[in-house]
>>> print(open('coords.csv').read())   # CSV, C-alpha atoms and all ligand atoms
chain,number,residue,atom,x,y,z
A,1,MET,CA,39.3,61.5,-13.8
A,2,LYS,CA,39.0,64.1,-16.5
A,3,LYS,CA,41.4,62.1,-18.8
A,4,SER,CA,39.3,58.9,-18.4
A,5,LEU,CA,36.2,60.6,-19.5
A,6,ILE,CA,37.9,61.9,-22.7
A,7,ILE,CA,39.0,58.4,-23.6
A,8,ILE,CA,35.5,57.0,-23.0
A,9,ALA,CA,34.0,59.6,-25.3
A,10,ALA,CA,36.6,59.2,-28.1
A,11,ILE,CA,36.5,55.4,-28.3
A,12,ALA,CA,32.7,55.2,-27.9
A,13,ALA,CA,32.4,57.5,-30.9
A,14,ILE,CA,34.7,55.3,-33.0
A,15,SER,CA,32.9,52.1,-32.2
A,16,GLY,CA,29.5,53.8,-32.4
A,17,ALA,CA,27.7,50.6,-33.4
A,18,ASN,CA,28.1,49.2,-29.9
A,19,ALA,CA,26.3,51.4,-27.5
A,20,GLN,CA,27.5,49.4,-24.5
A,21,SER,CA,31.2,50.1,-25.3
A,22,ILE,CA,32.7,51.5,-22.2
A,23,TYR,CA,36.4,51.9,-21.7
A,24,TYR,CA,38.0,53.0,-18.5
A,25,GLN,CA,41.5,53.9,-17.5
A,26,ASP,CA,43.5,52.1,-14.8
A,27,LYS,CA,44.6,54.6,-12.1
A,28,GLY,CA,47.9,56.0,-12.8
A,29,ASN,CA,48.2,54.5,-16.4
A,30,VAL,CA,48.0,57.3,-19.0
A,31,ASP,CA,48.7,55.1,-22.0
A,32,MET,CA,46.1,52.3,-21.8
A,33,ALA,CA,42.4,52.1,-21.5
A,34,ARG,CA,40.6,48.9,-20.7
A,35,HIS,CA,37.2,47.6,-21.8
A,36,THR,CA,34.7,46.8,-19.1
A,37,LEU,CA,33.2,43.8,-20.9
A,38,ARG,CA,36.6,42.0,-21.0
A,39,LYS,CA,36.3,41.3,-17.3
A,40,ASP,CA,32.6,40.5,-17.0
A,41,VAL,CA,31.9,36.9,-16.6
A,42,LEU,CA,28.2,36.5,-17.4
A,43,ARG,CA,25.9,33.7,-16.6
A,44,LYS,CA,23.2,32.9,-19.1
A,45,GLU,CA,19.9,32.5,-17.3
A,46,PHE,CA,17.4,29.9,-18.5
A,47,VAL,CA,14.2,31.3,-17.1
A,48,LEU,CA,11.6,28.8,-15.7
A,49,PRO,CA,8.7,29.3,-13.4
A,50,LYS,CA,8.1,27.7,-10.0
A,51,VAL,CA,6.0,24.5,-10.4
A,52,ASN,CA,3.7,23.3,-7.6
A,53,GLY,CA,5.7,25.4,-5.1
A,54,TYR,CA,9.0,23.9,-6.2
A,55,THR,CA,11.9,25.7,-7.8
A,56,VAL,CA,13.0,24.0,-11.1
A,57,TYR,CA,16.7,23.5,-10.6
A,58,LYS,CA,18.8,23.0,-13.7
A,59,SER,CA,21.3,20.1,-13.5
A,60,ASP,CA,23.6,18.0,-15.5
A,61,LEU,CA,24.1,14.6,-13.9
A,62,HIS,CA,26.8,13.4,-16.3
A,63,SER,CA,30.1,15.1,-17.2
A,64,HIS,CA,33.8,14.2,-17.7
A,65,THR,CA,37.0,16.0,-17.1
A,66,MET,CA,40.7,15.3,-17.8
A,67,PHE,CA,40.6,12.9,-14.8
A,68,SER,CA,39.0,10.4,-17.2
A,69,ASP,CA,38.7,11.2,-20.9
A,70,GLY,CA,37.4,14.8,-20.8
A,71,HIS,CA,39.3,17.7,-22.3
A,72,VAL,CA,39.1,20.2,-19.4
A,73,THR,CA,39.9,20.5,-15.7
A,74,PRO,CA,37.1,20.0,-13.0
A,75,GLU,CA,37.5,23.7,-12.2
A,76,TYR,CA,36.7,24.7,-15.8
A,77,ARG,CA,33.7,22.2,-15.9
A,78,VAL,CA,32.2,24.0,-12.9
A,79,ARG,CA,32.8,27.5,-14.3
A,80,GLU,CA,31.2,26.4,-17.6
A,81,ALA,CA,28.2,25.0,-15.8
A,82,TRP,CA,27.8,28.3,-14.0
A,83,ILE,CA,28.1,30.3,-17.3
A,84,ASP,CA,25.5,28.0,-18.8
A,85,GLY,CA,23.0,28.7,-16.1
A,86,LEU,CA,23.1,25.4,-14.2
A,87,ASP,CA,22.5,25.0,-10.4
A,88,ILE,CA,23.7,21.5,-10.0
A,89,LEU,CA,26.5,19.4,-11.6
A,90,ALA,CA,27.7,15.9,-11.3
A,91,VAL,CA,31.3,15.1,-12.3
A,92,THR,CA,31.3,11.4,-13.2
A,93,GLU,CA,34.6,10.1,-14.4
A,94,HIS,CA,34.8,6.7,-16.0
A,95,ALA,CA,36.0,4.3,-13.2
A,96,GLU,CA,37.7,2.0,-15.7
A,97,TYR,CA,38.6,4.2,-18.7
A,98,ARG,CA,41.0,7.1,-18.0
A,99,PRO,CA,43.2,7.7,-21.1
A,100,MET,CA,44.2,11.2,-19.9
A,101,GLU,CA,46.0,9.5,-17.0
A,102,ARG,CA,48.5,8.2,-19.6
A,103,SER,CA,49.2,11.8,-20.8
A,104,MET,CA,49.6,13.0,-17.3
A,105,MET,CA,51.8,10.1,-16.2
A,106,ASP,CA,53.9,10.4,-19.4
A,107,TYR,CA,54.5,14.0,-18.4
A,108,LEU,CA,55.8,12.8,-15.1
A,109,LYS,CA,57.6,9.8,-16.6
A,110,GLY,CA,61.0,10.5,-15.1
A,111,TYR,CA,59.5,10.2,-11.7
A,112,LEU,CA,57.7,6.8,-12.2
A,113,PRO,CA,59.4,3.9,-10.3
A,114,GLU,CA,61.5,1.5,-12.3
A,115,GLY,CA,59.4,-1.3,-13.9
A,116,THR,CA,56.1,0.4,-13.6
A,117,ALA,CA,53.6,-1.3,-15.9
A,118,PRO,CA,52.5,0.8,-18.9
A,119,ILE,CA,49.2,2.4,-18.4
A,120,ASN,CA,46.4,0.9,-20.4
A,121,ASN,CA,44.1,3.3,-22.3
A,122,VAL,CA,41.3,1.0,-23.2
A,123,VAL,CA,38.5,-0.2,-21.0
A,124,SER,CA,40.6,-2.5,-18.9
A,125,ASP,CA,38.1,-3.7,-16.3
A,126,LYS,CA,41.0,-3.4,-13.9
A,127,PRO,CA,41.3,-1.0,-11.0
A,128,ALA,CA,44.1,1.5,-11.2
A,129,ASP,CA,46.2,0.0,-8.4
A,130,ASN,CA,46.4,-3.3,-10.3
A,131,ARG,CA,48.2,-1.4,-13.1
A,132,GLY,CA,51.0,-0.3,-10.8
A,133,ILE,CA,49.7,3.2,-10.1
A,134,LEU,CA,47.7,4.6,-7.2
A,135,THR,CA,45.0,6.9,-8.4
A,136,ASN,CA,42.7,8.8,-6.1
A,137,LEU,CA,39.4,8.6,-8.0
A,138,ASN,CA,37.8,11.1,-5.7
A,139,LEU,CA,40.1,13.9,-6.8
A,140,SER,CA,38.0,15.4,-9.6
A,141,ASN,CA,35.0,15.4,-7.2
A,142,TYR,CA,37.0,17.1,-4.6
A,143,LYS,CA,38.3,19.7,-7.0
A,144,ALA,CA,34.9,20.4,-8.5
A,145,THR,CA,33.3,20.8,-5.1
A,146,LYS,CA,36.0,23.2,-4.0
A,147,ALA,CA,35.7,25.3,-7.2
A,148,ALA,CA,31.9,25.3,-6.9
A,149,GLU,CA,32.1,27.2,-3.6
A,150,SER,CA,32.8,30.4,-5.6
A,151,TYR,CA,29.8,29.9,-7.8
A,152,GLY,CA,27.0,28.6,-5.6
A,153,ILE,CA,26.7,25.4,-7.6
A,154,THR,CA,25.9,22.1,-5.9
A,155,ILE,CA,28.3,19.3,-6.9
A,156,ILE,CA,26.9,15.8,-6.8
A,157,PRO,CA,29.9,13.4,-6.3
A,158,GLY,CA,29.7,10.7,-8.8
A,159,ILE,CA,31.5,8.1,-11.0
A,160,GLU,CA,30.6,6.2,-14.2
A,161,VAL,CA,30.8,2.4,-14.1
A,162,THR,CA,31.9,1.9,-17.7
A,163,ARG,CA,31.6,-1.6,-19.3
A,164,THR,CA,31.0,-3.1,-22.7
A,165,PRO,CA,28.1,-1.0,-24.1
A,166,GLU,CA,26.6,-3.7,-26.3
A,167,THR,CA,26.0,-6.1,-23.3
A,168,ILE,CA,26.5,-4.4,-20.0
A,169,GLY,CA,26.3,-0.6,-20.5
A,170,HIS,CA,27.3,2.4,-18.4
A,171,TYR,CA,25.9,3.4,-15.0
A,172,ASN,CA,26.4,6.6,-13.1
A,173,ALA,CA,26.6,6.2,-9.4
A,174,LEU,CA,25.5,9.6,-7.9
A,175,PHE,CA,25.9,10.8,-4.3
A,176,ILE,CA,28.8,8.4,-3.7
A,177,GLU,CA,30.9,8.6,-0.5
A,178,ASP,CA,34.2,7.1,-1.9
A,179,ALA,CA,34.9,6.5,-5.6
A,180,ASN,CA,37.9,4.3,-4.7
A,181,THR,CA,35.9,1.5,-3.2
A,182,ILE,CA,33.3,1.0,-6.0
A,183,TYR,CA,35.2,-0.9,-8.6
A,184,ASP,CA,34.7,-4.6,-8.9
A,185,ALA,CA,35.5,-6.9,-11.9
A,186,ASP,CA,31.8,-7.9,-11.8
A,187,PRO,CA,29.8,-4.9,-12.9
A,188,ALA,CA,26.7,-5.8,-10.8
A,189,THR,CA,28.9,-6.0,-7.7
A,190,ALA,CA,30.4,-2.5,-8.6
A,191,ILE,CA,26.8,-1.2,-8.7
A,192,ARG,CA,26.0,-2.9,-5.4
A,193,ASN,CA,29.1,-1.3,-3.9
A,194,ALA,CA,27.9,2.1,-4.9
A,195,ARG,CA,24.4,1.4,-3.6
A,196,ALA,CA,26.0,0.3,-0.3
A,197,GLN,CA,27.3,3.9,0.0
A,198,GLY,CA,23.8,5.3,-0.4
A,199,ALA,CA,24.3,6.2,-4.1
A,200,LEU,CA,21.5,6.5,-6.6
A,201,ILE,CA,22.2,4.6,-9.9
A,202,MET,CA,21.4,6.1,-13.3
A,203,HIS,CA,21.3,3.9,-16.4
A,204,ASN,CA,23.3,6.0,-18.9
A,205,HIS,CA,22.6,6.3,-22.7
A,206,PRO,CA,20.7,2.9,-22.8
A,207,GLY,CA,20.6,2.9,-26.6
A,208,TRP,CA,24.2,3.8,-27.3
A,209,ARG,CA,25.9,1.4,-29.7
A,210,ARG,CA,22.8,-0.7,-29.8
A,211,THR,CA,20.3,-1.2,-32.7
A,212,SER,CA,17.4,-2.0,-30.4
A,213,LEU,CA,16.4,-1.1,-26.9
A,214,GLU,CA,15.6,-4.7,-26.0
A,215,MET,CA,17.1,-5.2,-22.6
A,216,THR,CA,20.2,-7.4,-22.3
A,217,GLU,CA,20.5,-10.2,-19.7
A,218,PHE,CA,22.6,-7.9,-17.5
A,219,GLU,CA,20.1,-5.1,-17.7
A,220,LYS,CA,17.2,-7.4,-16.8
A,221,THR,CA,19.2,-8.7,-13.8
A,222,VAL,CA,20.0,-5.2,-12.3
A,223,TYR,CA,16.6,-3.8,-13.1
A,224,ALA,CA,14.9,-6.9,-11.4
A,225,GLU,CA,17.2,-6.4,-8.4
A,226,GLU,CA,15.9,-2.8,-8.3
A,227,LEU,CA,19.4,-1.4,-8.4
A,228,ILE,CA,18.4,1.3,-10.9
A,229,ASP,CA,17.0,4.6,-9.8
A,230,GLY,CA,17.1,6.7,-13.0
A,231,VAL,CA,17.6,6.5,-16.7
A,232,GLU,CA,18.8,8.9,-19.4
A,233,ILE,CA,16.0,9.6,-21.9
A,234,MET,CA,18.5,11.9,-23.6
A,235,ASN,CA,22.3,11.9,-23.7
A,236,GLY,CA,24.1,14.4,-25.9
A,237,SER,CA,22.3,14.4,-29.2
A,238,GLU,CA,20.7,10.9,-28.6
A,239,PHE,CA,17.0,10.6,-27.6
A,240,TYR,CA,15.3,7.4,-26.7
A,241,PRO,CA,11.5,8.0,-26.8
A,242,ASN,CA,10.6,4.4,-25.9
A,243,VAL,CA,12.6,4.7,-22.7
A,244,VAL,CA,10.0,7.2,-21.4
A,245,LYS,CA,7.6,4.3,-20.8
A,246,ARG,CA,10.3,2.1,-19.3
A,247,ALA,CA,11.1,4.8,-16.8
A,248,LYS,CA,7.5,4.9,-15.7
A,249,GLU,CA,7.1,1.1,-15.5
A,250,ASN,CA,10.3,0.8,-13.4
A,251,LYS,CA,9.8,3.9,-11.4
A,252,LEU,CA,13.0,5.6,-12.6
A,253,PHE,CA,13.7,9.3,-12.7
A,254,MET,CA,14.0,10.7,-16.2
A,255,ALA,CA,17.3,12.5,-17.1
A,256,ALA,CA,18.8,14.4,-20.0
A,257,ASN,CA,22.5,15.0,-19.7
A,258,THR,CA,25.3,16.3,-21.8
A,259,ASP,CA,27.9,13.6,-21.0
A,260,ILE,CA,30.2,16.5,-22.0
A,261,HIS,CA,33.8,15.6,-22.8
A,262,SER,CA,34.8,18.7,-24.8
A,263,THR,CA,33.1,22.0,-24.0
A,264,THR,CA,29.5,23.1,-24.1
A,265,ALA,CA,30.6,26.1,-26.2
A,266,MET,CA,31.6,23.7,-28.9
A,267,ASP,CA,28.7,21.2,-28.5
A,268,TYR,CA,25.8,23.5,-27.7
A,269,ASN,CA,26.3,27.2,-27.3
A,270,ASN,CA,28.0,28.1,-30.6
A,271,GLN,CA,25.2,26.3,-32.3
A,272,GLY,CA,22.7,28.5,-30.5
A,273,GLU,CA,21.5,25.6,-28.3
A,274,GLN,CA,21.0,25.4,-24.5
A,275,ARG,CA,22.9,22.4,-23.1
A,276,ASN,CA,20.9,19.3,-22.1
A,277,MET,CA,19.5,19.6,-18.6
A,278,THR,CA,17.8,17.3,-16.0
A,279,LEU,CA,15.3,19.7,-14.5
A,280,ILE,CA,14.8,18.8,-10.8
A,281,LEU,CA,11.9,20.2,-8.8
A,282,ALA,CA,12.9,20.7,-5.2
A,283,LYS,CA,12.6,23.2,-2.3
A,284,ASN,CA,16.3,23.9,-2.3
A,285,ALA,CA,19.5,22.7,-4.0
A,286,SER,CA,21.2,21.0,-1.0
A,287,LEU,CA,22.5,17.5,-1.7
A,288,ASP,CA,20.0,15.8,0.6
A,289,THR,CA,17.0,17.6,-0.9
A,290,ILE,CA,18.1,17.0,-4.5
A,291,LYS,CA,18.6,13.3,-3.7
A,292,GLU,CA,15.1,13.1,-2.2
A,293,ALA,CA,13.7,14.8,-5.3
A,294,LEU,CA,15.4,12.3,-7.6
A,295,LYS,CA,14.1,9.4,-5.5
A,296,LYS,CA,10.6,10.9,-5.7
A,297,ARG,CA,11.2,11.2,-9.5
A,298,ARG,CA,10.4,14.9,-9.7
A,299,THR,CA,12.5,15.4,-12.9
A,300,ILE,CA,12.0,16.6,-16.4
A,301,ALA,CA,14.5,15.8,-19.2
A,302,TYR,CA,15.4,18.7,-21.5
A,303,SER,CA,17.4,18.3,-24.7
A,304,TYR,CA,17.4,20.5,-27.8
A,305,GLY,CA,14.0,22.1,-26.9
A,306,THR,CA,12.4,18.7,-26.3
A,307,ILE,CA,11.2,17.7,-22.8
A,308,ALA,CA,10.1,14.3,-21.3
A,309,GLY,CA,8.7,13.3,-18.0
A,310,ASP,CA,5.7,11.9,-16.2
A,311,GLU,CA,2.4,13.0,-17.6
A,312,GLU,CA,1.1,14.9,-14.5
A,313,LEU,CA,4.5,16.7,-13.9
A,314,ILE,CA,4.9,17.7,-17.6
A,315,LYS,CA,1.4,19.1,-17.7
A,316,ASP,CA,1.9,21.1,-14.5
A,317,PHE,CA,5.2,22.4,-15.9
A,318,ILE,CA,3.6,23.5,-19.2
A,319,MET,CA,0.7,25.1,-17.4
A,320,ALA,CA,3.1,27.0,-15.2
A,321,CYS,CA,5.1,28.2,-18.3
A,322,ILE,CA,2.1,29.4,-20.3
A,323,GLU,CA,-0.3,32.0,-19.1
A,324,PHE,CA,-3.8,32.2,-20.7
A,325,GLU,CA,-5.7,35.5,-20.7
A,326,VAL,CA,-9.1,36.2,-22.1
A,327,PHE,CA,-9.0,39.7,-23.6
A,328,ASN,CA,-12.3,39.8,-25.5
A,329,THR,CA,-15.7,38.1,-25.9
A,330,ASP,CA,-17.6,38.9,-29.0
A,331,LYS,CA,-21.4,39.1,-29.4
A,332,ASN,CA,-21.6,35.4,-30.2
A,333,GLY,CA,-19.7,34.5,-27.1
A,334,ARG,CA,-16.4,33.6,-28.9
A,335,LYS,CA,-13.5,34.3,-26.6
A,336,SER,CA,-10.2,35.8,-27.7
A,337,ILE,CA,-7.3,34.3,-25.8
A,338,ARG,CA,-3.7,35.4,-25.4
A,339,MET,CA,-1.2,32.7,-24.7
A,340,ILE,CA,1.9,34.2,-23.0
A,341,ASN,CA,5.2,32.4,-22.6
A,342,ASN,CA,7.4,34.3,-20.2
A,343,THR,CA,10.0,31.5,-20.0
A,344,SER,CA,13.1,30.3,-21.9
A,345,MET,CA,11.2,27.3,-23.2
A,346,ASN,CA,9.8,27.0,-26.7
A,347,PHE,CA,6.6,25.1,-27.2
A,348,VAL,CA,5.0,23.5,-30.3
A,349,LEU,CA,1.2,23.5,-29.7
A,350,ASN,CA,-0.9,21.4,-31.9
A,351,PHE,CA,-4.5,22.5,-32.3
A,352,GLY,CA,-6.0,19.5,-34.0
A,353,GLY,CA,-3.4,19.0,-36.8
A,354,ASN,CA,-2.4,22.6,-37.0
A,355,PRO,CA,0.9,22.9,-35.0
A,356,VAL,CA,2.1,26.4,-34.1
A,357,GLN,CA,5.2,27.6,-32.2
A,358,LEU,CA,4.9,29.5,-29.0
A,359,ARG,CA,8.5,30.6,-28.7
A,360,SER,CA,10.2,31.8,-25.5
A,361,PHE,CA,9.2,35.3,-24.3
A,362,THR,CA,6.5,35.7,-26.9
A,363,SER,CA,2.7,35.5,-26.9
A,364,ARG,CA,0.2,34.7,-29.5
A,365,ASN,CA,-3.6,34.9,-29.8
A,366,THR,CA,-6.2,32.3,-30.5
A,367,SER,CA,-9.9,32.0,-30.0
A,368,VAL,CA,-12.5,29.6,-28.8
A,369,GLY,CA,-16.2,29.4,-29.5
A,370,LYS,CA,-19.0,29.8,-26.9
A,371,GLY,CA,-19.1,26.8,-24.5
A,372,LYS,CA,-16.1,25.1,-26.3
A,373,LYS,CA,-12.8,24.1,-24.7
A,374,LEU,CA,-9.4,25.0,-26.0
A,375,THR,CA,-7.9,21.6,-26.8
A,376,PHE,CA,-4.3,21.0,-27.9
A,377,THR,CA,-1.3,18.7,-27.5
A,378,VAL,CA,2.3,19.8,-26.9
A,379,GLU,CA,4.4,18.2,-29.6
A,380,ASN,CA,7.8,18.8,-28.1
A,381,ALA,CA,6.9,17.2,-24.8
A,382,TRP,CA,6.9,13.4,-24.4
A,383,VAL,CA,5.0,11.5,-21.7
A,384,PRO,CA,4.5,7.8,-21.0
A,385,THR,CA,0.9,7.6,-22.5
A,386,GLU,CA,-0.6,6.1,-25.6
A,387,SER,CA,-0.5,9.4,-27.6
A,388,GLN,CA,3.1,10.1,-26.3
A,389,HIS,CA,2.3,13.9,-26.0
A,390,PRO,CA,0.4,15.6,-23.3
A,391,GLU,CA,-3.2,16.6,-24.1
A,392,PHE,CA,-4.8,19.7,-22.7
A,393,GLU,CA,-8.5,20.7,-22.5
A,394,ILE,CA,-9.0,24.2,-21.0
A,395,LYS,CA,-12.3,25.8,-20.2
A,396,PHE,CA,-12.6,29.6,-20.0
B,401,ZN,ZN,29.0,6.4,-20.8
B,402,ZN,ZN,30.0,9.4,-19.7
>>> encode(input="coords.csv", output="structure tokens", more="lines below")
Ligand SMILES: [Zn+2]
Ligand SMILES: [Zn+2]
Amino acid sequence: MKKSLIIIAAIAAISGANAQSIYYQDKGNVDMARHTLRKDVLRKEFVLPKVNGYTVYKSDLHSHTMFSDGHVTPEYRVREAWIDGLDILAVTEHAEYRPMERSMMDYLKGYLPEGTAPINNVVSDKPADNRGILTNLNLSNYKATKAAESYGITIIPGIEVTRTPETIGHYNALFIEDANTIYDADPATAIRNARAQGALIMHNHPGWRRTSLEMTEFEKTVYAEELIDGVEIMNGSEFYPNVVKRAKENKLFMAANTDIHSTTAMDYNNQGEQRNMTLILAKNASLDTIKEALKKRRTIAYSYGTIAGDEELIKDFIMACIEFEVFNTDKNGRKSIRMINNTSMNFVLNFGGNPVQLRSFTSRNTSVGKGKKLTFTVENAWVPTESQHPEFEIKF
């Protein structure tokens, strides 16, 4: 014990710049000290208030692992989600595009039966078993669900129906029962198969590899058949402002997802960014409750500090994030107001052509004349109205 204390003091003095530097010594080891931080796995908290009595759960409804074309294991994907502060994650491998399978099967080559067909690594529109291999498409969901038990994260079992982006597009089936029985050569039938399992269908990255958001024949058909429950307003770095109105018109939940293939450290965190999130307002994070919240469209899309959602919900969210406090009234009745943002959100408030930042965990002051209302729009929030940004009029 005495020896450990000496080591702590000595090393802390050398690395004086870091006040948290704490070394300890393993019992019985006189020659090595160990730093405490090395073993700490820390979760970054993205702080949001309760809104209308609901907890705002942080989810990513679209991610990939090495079981399709992602770079990491399902277990790593879950740990990463936990570190990034998420509560809910969907692992959604491409049903028809799984190039990592080739690498994995190449590794096992010696054990493949004679005459096994080569594995295609382009979008094949063919189920795995037609290619001479049997693949359990539920495996990554199983593994993620198992890994999530240690983190308290809810895993939504899912799969991505992946067809020609220019004409058909990609669709995430969420809350599926069995990924192996969804595939069909006809994409609409594949979506109907997922629906028959009780899945919710999200239209992914609707503008990806398109020059316009004009709906294709296929999209018109599946939308008209009411097979679509949600849509990505944001996917990775892409943002489709005009889909906000489409979501309202078609009663779709609005989502913002990473579609992460590499790591969020690479695509977001090392750039100082929070990963994309679909914020879900619900009483708890159980699968049934989250599914119900998505059906009721209680979601807000978050990407690179920008949010999108239905007008009422976005306004309630912003009013829950910002606290207004009158701290002085002068002799002419002009009120001094402090706006306090005790959340991880940044807001851009526009007071009649004069935009200012109200950054996370900061406050700023403004004032309003006698009998006047404080009026502003929030520029980094998008809603399905004519002005596209929510408008506030607050009386004090
Ligand atoms: Zn996709
Ligand atoms: Zn994807």
>>> closest_residue(input="coords.csv", among="A:Arg34, A:Trp208, A:Trp82, A:Ile155", to="ligand ZN 401 (chain B)", atoms="only C-alpha atoms and all ligand atoms")
A:Trp208
>>> residues_near_ligand(input="coords.csv", ligand="ligand ZN 402 (chain B)", cutoff="7 Å", atoms="only C-alpha atoms and all ligand atoms", output="list in words")
His62, Ser63, His64, Thr92, His94, Glu160 and Asp259 of chain A
>>> closest_residue(input="coords.csv", among="A:Val356, A:Val383, A:Val161, A:Ile156", to="ligand ZN 401 (chain B)", atoms="all atoms listed in the file")
A:Val161
>>> residues_near_ligand(input="coords.csv", ligand="ligand ZN 401 (chain B)", cutoff="12 Å", atoms="all atoms listed in the file", output="JSON, numbers by chain")
{"A": [61, 62, 63, 64, 68, 69, 70, 92, 93, 94, 95, 96, 97, 123, 159, 160, 161, 162, 163, 164, 165, 166, 168, 169, 170, 171, 172, 173, 202, 203, 204, 205, 206, 207, 208, 209, 232, 235, 236, 257, 258, 259, 260, 261]}
>>> closest_residue(input="coords.csv", among="A:Lys335, A:Lys27, A:His35, A:Lys50", to="A:Ala282", atoms="only C-alpha atoms")
A:Lys50
>>> residues_around(input="coords.csv", residues="A:Ile228", least_positions_apart="2", cutoff="12 Å", atoms="all atoms listed in the file", output="VMD selection string")
chain A and resid 170 to 174 188 191 to 192 194 to 195 199 to 204 219 to 226 230 to 232 246 to 247 250 to 254 294 to 295
>>> write_last_selection(input="coords.csv", atoms="C-alpha atoms", output="mmCIF file, in the coordinates of the input")
data_model
loop_
_atom_site.group_PDB
_atom_site.id
_atom_site.type_symbol
_atom_site.label_atom_id
_atom_site.label_comp_id
_atom_site.auth_asym_id
_atom_site.auth_seq_id
_atom_site.Cartn_x
_atom_site.Cartn_y
_atom_site.Cartn_z
ATOM 1 C CA HIS A 170 27.300 2.400 -18.400
ATOM 2 C CA TYR A 171 25.900 3.400 -15.000
ATOM 3 C CA ASN A 172 26.400 6.600 -13.100
ATOM 4 C CA ALA A 173 26.600 6.200 -9.400
ATOM 5 C CA LEU A 174 25.500 9.600 -7.900
ATOM 6 C CA ALA A 188 26.700 -5.800 -10.800
ATOM 7 C CA ILE A 191 26.800 -1.200 -8.700
ATOM 8 C CA ARG A 192 26.000 -2.900 -5.400
ATOM 9 C CA ALA A 194 27.900 2.100 -4.900
ATOM 10 C CA ARG A 195 24.400 1.400 -3.600
ATOM 11 C CA ALA A 199 24.300 6.200 -4.100
ATOM 12 C CA LEU A 200 21.500 6.500 -6.600
ATOM 13 C CA ILE A 201 22.200 4.600 -9.900
ATOM 14 C CA MET A 202 21.400 6.100 -13.300
ATOM 15 C CA HIS A 203 21.300 3.900 -16.400
ATOM 16 C CA ASN A 204 23.300 6.000 -18.900
ATOM 17 C CA GLU A 219 20.100 -5.100 -17.700
ATOM 18 C CA LYS A 220 17.200 -7.400 -16.800
ATOM 19 C CA THR A 221 19.200 -8.700 -13.800
ATOM 20 C CA VAL A 222 20.000 -5.200 -12.300
ATOM 21 C CA TYR A 223 16.600 -3.800 -13.100
ATOM 22 C CA ALA A 224 14.900 -6.900 -11.400
ATOM 23 C CA GLU A 225 17.200 -6.400 -8.400
ATOM 24 C CA GLU A 226 15.900 -2.800 -8.300
ATOM 25 C CA GLY A 230 17.100 6.700 -13.000
ATOM 26 C CA VAL A 231 17.600 6.500 -16.700
ATOM 27 C CA GLU A 232 18.800 8.900 -19.400
ATOM 28 C CA ARG A 246 10.300 2.100 -19.300
ATOM 29 C CA ALA A 247 11.100 4.800 -16.800
ATOM 30 C CA ASN A 250 10.300 0.800 -13.400
ATOM 31 C CA LYS A 251 9.800 3.900 -11.400
ATOM 32 C CA LEU A 252 13.000 5.600 -12.600
ATOM 33 C CA PHE A 253 13.700 9.300 -12.700
ATOM 34 C CA MET A 254 14.000 10.700 -16.200
ATOM 35 C CA LEU A 294 15.400 12.300 -7.600
ATOM 36 C CA LYS A 295 14.100 9.400 -5.500
#
>>> closest_residue(input="coords.csv", among="A:Glu325, A:Glu177, A:Glu379, A:Glu80", to="A:Asn341", atoms="all atoms listed in the file")
A:Glu325
>>> closest_residue(input="coords.csv", among="A:Phe392, A:Phe218, A:Tyr304, A:Tyr24", to="A:Met319", atoms="all atoms listed in the file")
A:Phe392
>>> residues_around(input="coords.csv", residues="stretch 387-391 of chain A", least_positions_apart="6", cutoff="7 Å", atoms="only C-alpha atoms", output="list in words")
Glu311, Lys315, Phe376, Thr377, Val378, Glu379 and Ala381 of chain A
>>> atom_distance(input="coords.csv", atom1="atom CA of A:Lys370", atom2="atom CA of A:Phe317")
27.6 Å
>>> closest_residue(input="coords.csv", among="A:Arg359, A:Lys44, A:His71, A:Arg79", to="A:Ser262", atoms="all atoms listed in the file")
A:His71
>>> residues_around(input="coords.csv", residues="A:Phe67", least_positions_apart="6", cutoff="8 Å", atoms="only C-alpha atoms", output="PyMOL selection string")
chain A and resi 73+93+98+100-101+140
>>> atom_distance(input="coords.csv", atom1="atom CA of A:Pro157", atom2="atom CA of A:Leu89")
8.7 Å
>>> residues_around(input="coords.csv", residues="A:Glu249", least_positions_apart="5", cutoff="10 Å", atoms="all atoms listed in the file", output="number ranges by chain")
A: 243-244, 384
>>> residues_near_point(input="coords.csv", point="(18.6, 33.5, -19.3)", cutoff="12 Å", atoms="all atoms listed in the file", output="PyMOL selection string")
chain A and resi 42-48+58+82-86+274+342-345+360-361
>>> atom_distance(input="coords.csv", atom1="atom CA of A:Glu149", atom2="atom CA of A:Pro74")
12.9 Å
>>> build_atoms(input="coords.csv", residues="stretch 315-320 of chain A", atoms="N, CA and C atoms", output="mmCIF file, in the frame of the given file")
data_model
loop_
_atom_site.group_PDB
_atom_site.id
_atom_site.type_symbol
_atom_site.label_atom_id
_atom_site.label_comp_id
_atom_site.auth_asym_id
_atom_site.auth_seq_id
_atom_site.Cartn_x
_atom_site.Cartn_y
_atom_site.Cartn_z
ATOM 1 N N LYS A 315 2.530 18.194 -17.469
ATOM 2 C CA LYS A 315 1.400 19.100 -17.700
ATOM 3 C C LYS A 315 1.398 20.253 -16.700
ATOM 4 N N ASP A 316 1.754 19.977 -15.445
ATOM 5 C CA ASP A 316 1.900 21.100 -14.500
ATOM 6 C C ASP A 316 2.953 22.064 -14.896
ATOM 7 N N PHE A 317 4.060 21.532 -15.410
ATOM 8 C CA PHE A 317 5.200 22.400 -15.900
ATOM 9 C C PHE A 317 4.729 23.280 -17.012
ATOM 10 N N ILE A 318 4.064 22.697 -18.000
ATOM 11 C CA ILE A 318 3.600 23.500 -19.200
ATOM 12 C C ILE A 318 2.612 24.537 -18.756
ATOM 13 N N MET A 319 1.685 24.157 -17.867
ATOM 14 C CA MET A 319 0.700 25.100 -17.400
ATOM 15 C C MET A 319 1.293 26.250 -16.587
ATOM 16 N N ALA A 320 2.424 25.958 -15.948
ATOM 17 C CA ALA A 320 3.100 27.000 -15.200
ATOM 18 C C ALA A 320 3.882 27.936 -16.168
#
